[in-house]
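Visitor: Below is a structure I'd like to ask you about.
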Amino acid sequence: MKEPRYGNWISSKLVAASLAAAFALLIGARLAVGHSRLLVGVLLAATLIAMAAAMYLLRCRTALSYEGGGVQGRVLDSVLDALDGAGWDGRGRLLDIGCGSGAMSVRAAKRYPRALVTGLDSWGGGWEYSQRQCEENARSEGVAGRIAFRRGDAAKLPFLDGTFDAAVSNFVFHEVRAQRDKRALILEALRTVKPGGVFAFQDVFFSRRIYGDADALIEALRPHVQEIHLADTRRPDYAPAFLNTPLVLGRMGLIWGRK
């Protein structure tokens with residue numbers, strides 16, 4: 001049986017692009033020798049910056065990796081821990097919005113053996129994930145019989161109101177271009193949860209550019225649910241300090257509760 005392939009939040013394409021940029025700048029500096037000392041200096045400085053960025057991305061990729069530092073798995077566990085904190089008994093139907101490679105869906109199916117899990121994603125070209133990859137991962141982990149994956153848009157979920165007993169999402173909402181109003185996007189996710197069901201959504205909720213004031217966001221959502229909490233999950237104790245930047249975990253927050 002194949003080993004599961006969950007990928008990495010820092011894509012290999014991004015690391016390769018940074019290295020390619022550094023190499024191109026270095027070639028440019030070499031060609032500029034004898035023409036402009038200022039230009040050579042600027043290009044060499046840019047080369048060092050690009051190389052430093054590539055090395056940082058590579059270091060982050062290793063720390064995040066399921067096979068390396070394992071931080072990605074710990075982040076996903078924190079979302080599922082919030083469902084436990086909200087009092088879910090693990091029975092019924094769970095929706096994973098933006099399932100990517102299926103990592104959260106599989107993790108949920110393994111943690112909650114009495115749950116039926118639906119993973120939804122658009123699997124856009126910018127990511128190294130696919131529906132087939134999700135299905136292969138579920139088979140590799142022995143939970144394919146309790147997980148269904150389908151293509152869809154988080155801005156307009158293809159489910160009736162109150163379909164699910166629980167819903168989760170991790171680092172997805174800020175990527176959804178079809179809905180700029182992120183409060184409306186969260187409400188769309190909540191729409192699919194039945195009254196009394198639970199939810200746990202992790203994203204860059206401390207990015208004021210995307211979400212505005214985090215406390216104001218919670219107050220706007222409060223009338224639509226029975227219980228809601230905002231956990232500041234920045235600087236988690238399981239992650240090395242160099243991951244606590246805006247590029248990776250530095251704006252992370254977790255909204256959880258009961259509808």
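Scheme for the structure tokens: letters A, B, ... for chains in order shown; per-chain residue numbers from 1; ligand numbers from 1 in order shown.
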Looking only at alpha helix (DSSP H) from DSSP on the backbone, list the matching residues of range 51-84 of chain A as an MDAnalysis selection string.
Guide: chainID A and resid 51:64 71:84
Visitor: Which range 3-24 of chain A residues have any atom within 12 Å of an atom of range 247-256 of chain A, and for each, what is the nearest pair of atoms with distance in Å to one decimal, counting only C-alpha atoms, rows sorted by chain and number, as a Markdown table?
Guide:
```
| residue | atom | partner | partner_atom | distance |
| --- | --- | --- | --- | --- |
| A:Asn8 | CA | A:Val248 | CA | 11.9 |
| A:Trp9 | CA | A:Val248 | CA | 8.8 |
| A:Ile10 | CA | A:Val248 | CA | 8.8 |
```
Visitor: Using only C-alpha atoms, can you tell me which of A:Ala108, A:Cys134, A:Cys99, A:Leu14 comes closest to Cys60 in chain A?
Guide: A:Leu14
Visitor: Name all residues at most 10 Å from range 227-243 of chain A (count only C-alpha atoms; drop same-chain ones fewer than 2 positions away) and give them as a PyMOL selection string.
Guide: chain A and resi 56-57+59-61+63-64+69-72+74-75+78+82+86+196+198-206+214-215+217-219+221-225+245-259
Visitor: Determine the nearest neighbour of Ala148 in chain A from the options A:Arg93, A:Tyr129, A:Val193, A:Gly162, counting only C-alpha atoms.
Guide: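 Among the listed residues, A:Arg93 lies closest to Ala148 in chain A.
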Visitor: Tell me which protein, DNA and RNA residues are within 9 Å of Gln179 in chain A, counting only C-alpha atoms, leaving out same-chain ones fewer than 6 positions away, and put them as a PyMOL selection string.
Guide: chain A and resi 154-156+173+185
Visitor: Please identify all polymer residues within 8 Å of Ile210 in chain A, counting only C-alpha atoms, omitting same-chain residues fewer than 2 positions from it, and present them as a PyMOL selection string.
Guide: chain A and resi 174+182+205+207-208+212
Visitor: When distances are computed from only C-alpha atoms, which of A:Arg177, A:Arg151, A:Arg107, A:Arg146 shows the smallest separation from Ser122 in chain A?
Guide: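 Distance minimum relative to Ser122 in chain A lands on A:Arg151.
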Visitor: Per DSSP on the backbone, filter range 32-161 of chain A down to the residues in strand (DSSP E or B) and report them as number ranges by chain.
Guide: A: 92-97, 115-121, 147-151, 153, 156
Visitor: Output C-alpha atoms for every residue in that selection, as a short mmCIF file (atom, residue, chain, number, x, y, z; two decimals), in the first residue's frame.
Guide:
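selection.cif, written as the output of this step:
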```cif
data_model
loop_
_atom_site.label_atom_id
_atom_site.label_comp_id
_atom_site.auth_asym_id
_atom_site.auth_seq_id
_atom_site.Cartn_x
_atom_site.Cartn_y
_atom_site.Cartn_z
CA GLY A 92 -22.45 12.20 12.78
CA ARG A 93 -21.21 14.11 9.77
CA LEU A 94 -18.18 16.40 9.66
CA LEU A 95 -17.28 18.86 6.90
CA ASP A 96 -13.66 19.82 6.17
CA ILE A 97 -13.70 23.05 4.14
CA ALA A 115 -18.00 10.05 12.03
CA LEU A 116 -18.59 10.36 8.32
CA VAL A 117 -16.28 13.00 6.85
CA THR A 118 -16.73 15.12 3.74
CA GLY A 119 -13.69 16.96 2.40
CA LEU A 120 -14.34 19.83 0.00
CA ASP A 121 -11.84 21.81 -2.08
CA ILE A 147 -14.60 9.87 3.77
CA ALA A 148 -16.01 11.43 0.60
CA PHE A 149 -14.18 14.15 -1.29
CA ARG A 150 -15.88 16.57 -3.66
CA ARG A 151 -15.05 19.69 -5.59
CA ASP A 153 -16.35 26.58 -3.58
CA LYS A 156 -21.07 28.90 -1.95
#
```
Visitor: Give me the residues within 10 Å of Arg111 in chain A as an mmCIF file with N, CA, C and O atoms, in the first residue's frame, counting only C-alpha atoms and dropping any in the same chain fewer than 6 places off.
Guide:
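Okay, this is what ended up in out_12.cif:
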```
data_model
loop_
_atom_site.group_PDB
_atom_site.id
_atom_site.type_symbol
_atom_site.label_atom_id
_atom_site.label_comp_id
_atom_site.auth_asym_id
_atom_site.auth_seq_id
_atom_site.Cartn_x
_atom_site.Cartn_y
_atom_site.Cartn_z
ATOM 1 N N ASP A 77 -4.130 19.222 14.575
ATOM 2 C CA ASP A 77 -4.612 18.657 15.837
ATOM 3 C C ASP A 77 -5.273 19.728 16.704
ATOM 4 O O ASP A 77 -6.256 19.442 17.405
ATOM 5 N N LEU A 80 -8.900 20.099 15.687
ATOM 6 C CA LEU A 80 -9.734 19.005 16.166
ATOM 7 C C LEU A 80 -9.868 19.025 17.687
ATOM 8 O O LEU A 80 -10.922 18.662 18.228
ATOM 9 N N GLY A 90 -18.156 13.138 18.475
ATOM 10 C CA GLY A 90 -17.554 12.425 17.357
ATOM 11 C C GLY A 90 -18.527 11.600 16.545
ATOM 12 O O GLY A 90 -18.100 10.829 15.680
ATOM 13 N N SER A 105 -9.058 15.848 6.883
ATOM 14 C CA SER A 105 -10.156 14.890 6.746
ATOM 15 C C SER A 105 -9.752 13.517 7.268
ATOM 16 O O SER A 105 -10.498 12.873 8.013
#
```
Visitor: Just give me the gap between CA of Leu25 in chain A and CA of Thr62 in chain A in Å, one decimal is fine.
Guide: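 The value is 25.4 Å.
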Visitor: In Å to one decimal, how far is CA of Leu160 in chain A from CA of Lys194 in chain A?
Guide: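 Computing the Euclidean distance for CA of Lys194 in chain A and CA of Leu160 in chain A yields 9.9 Å.
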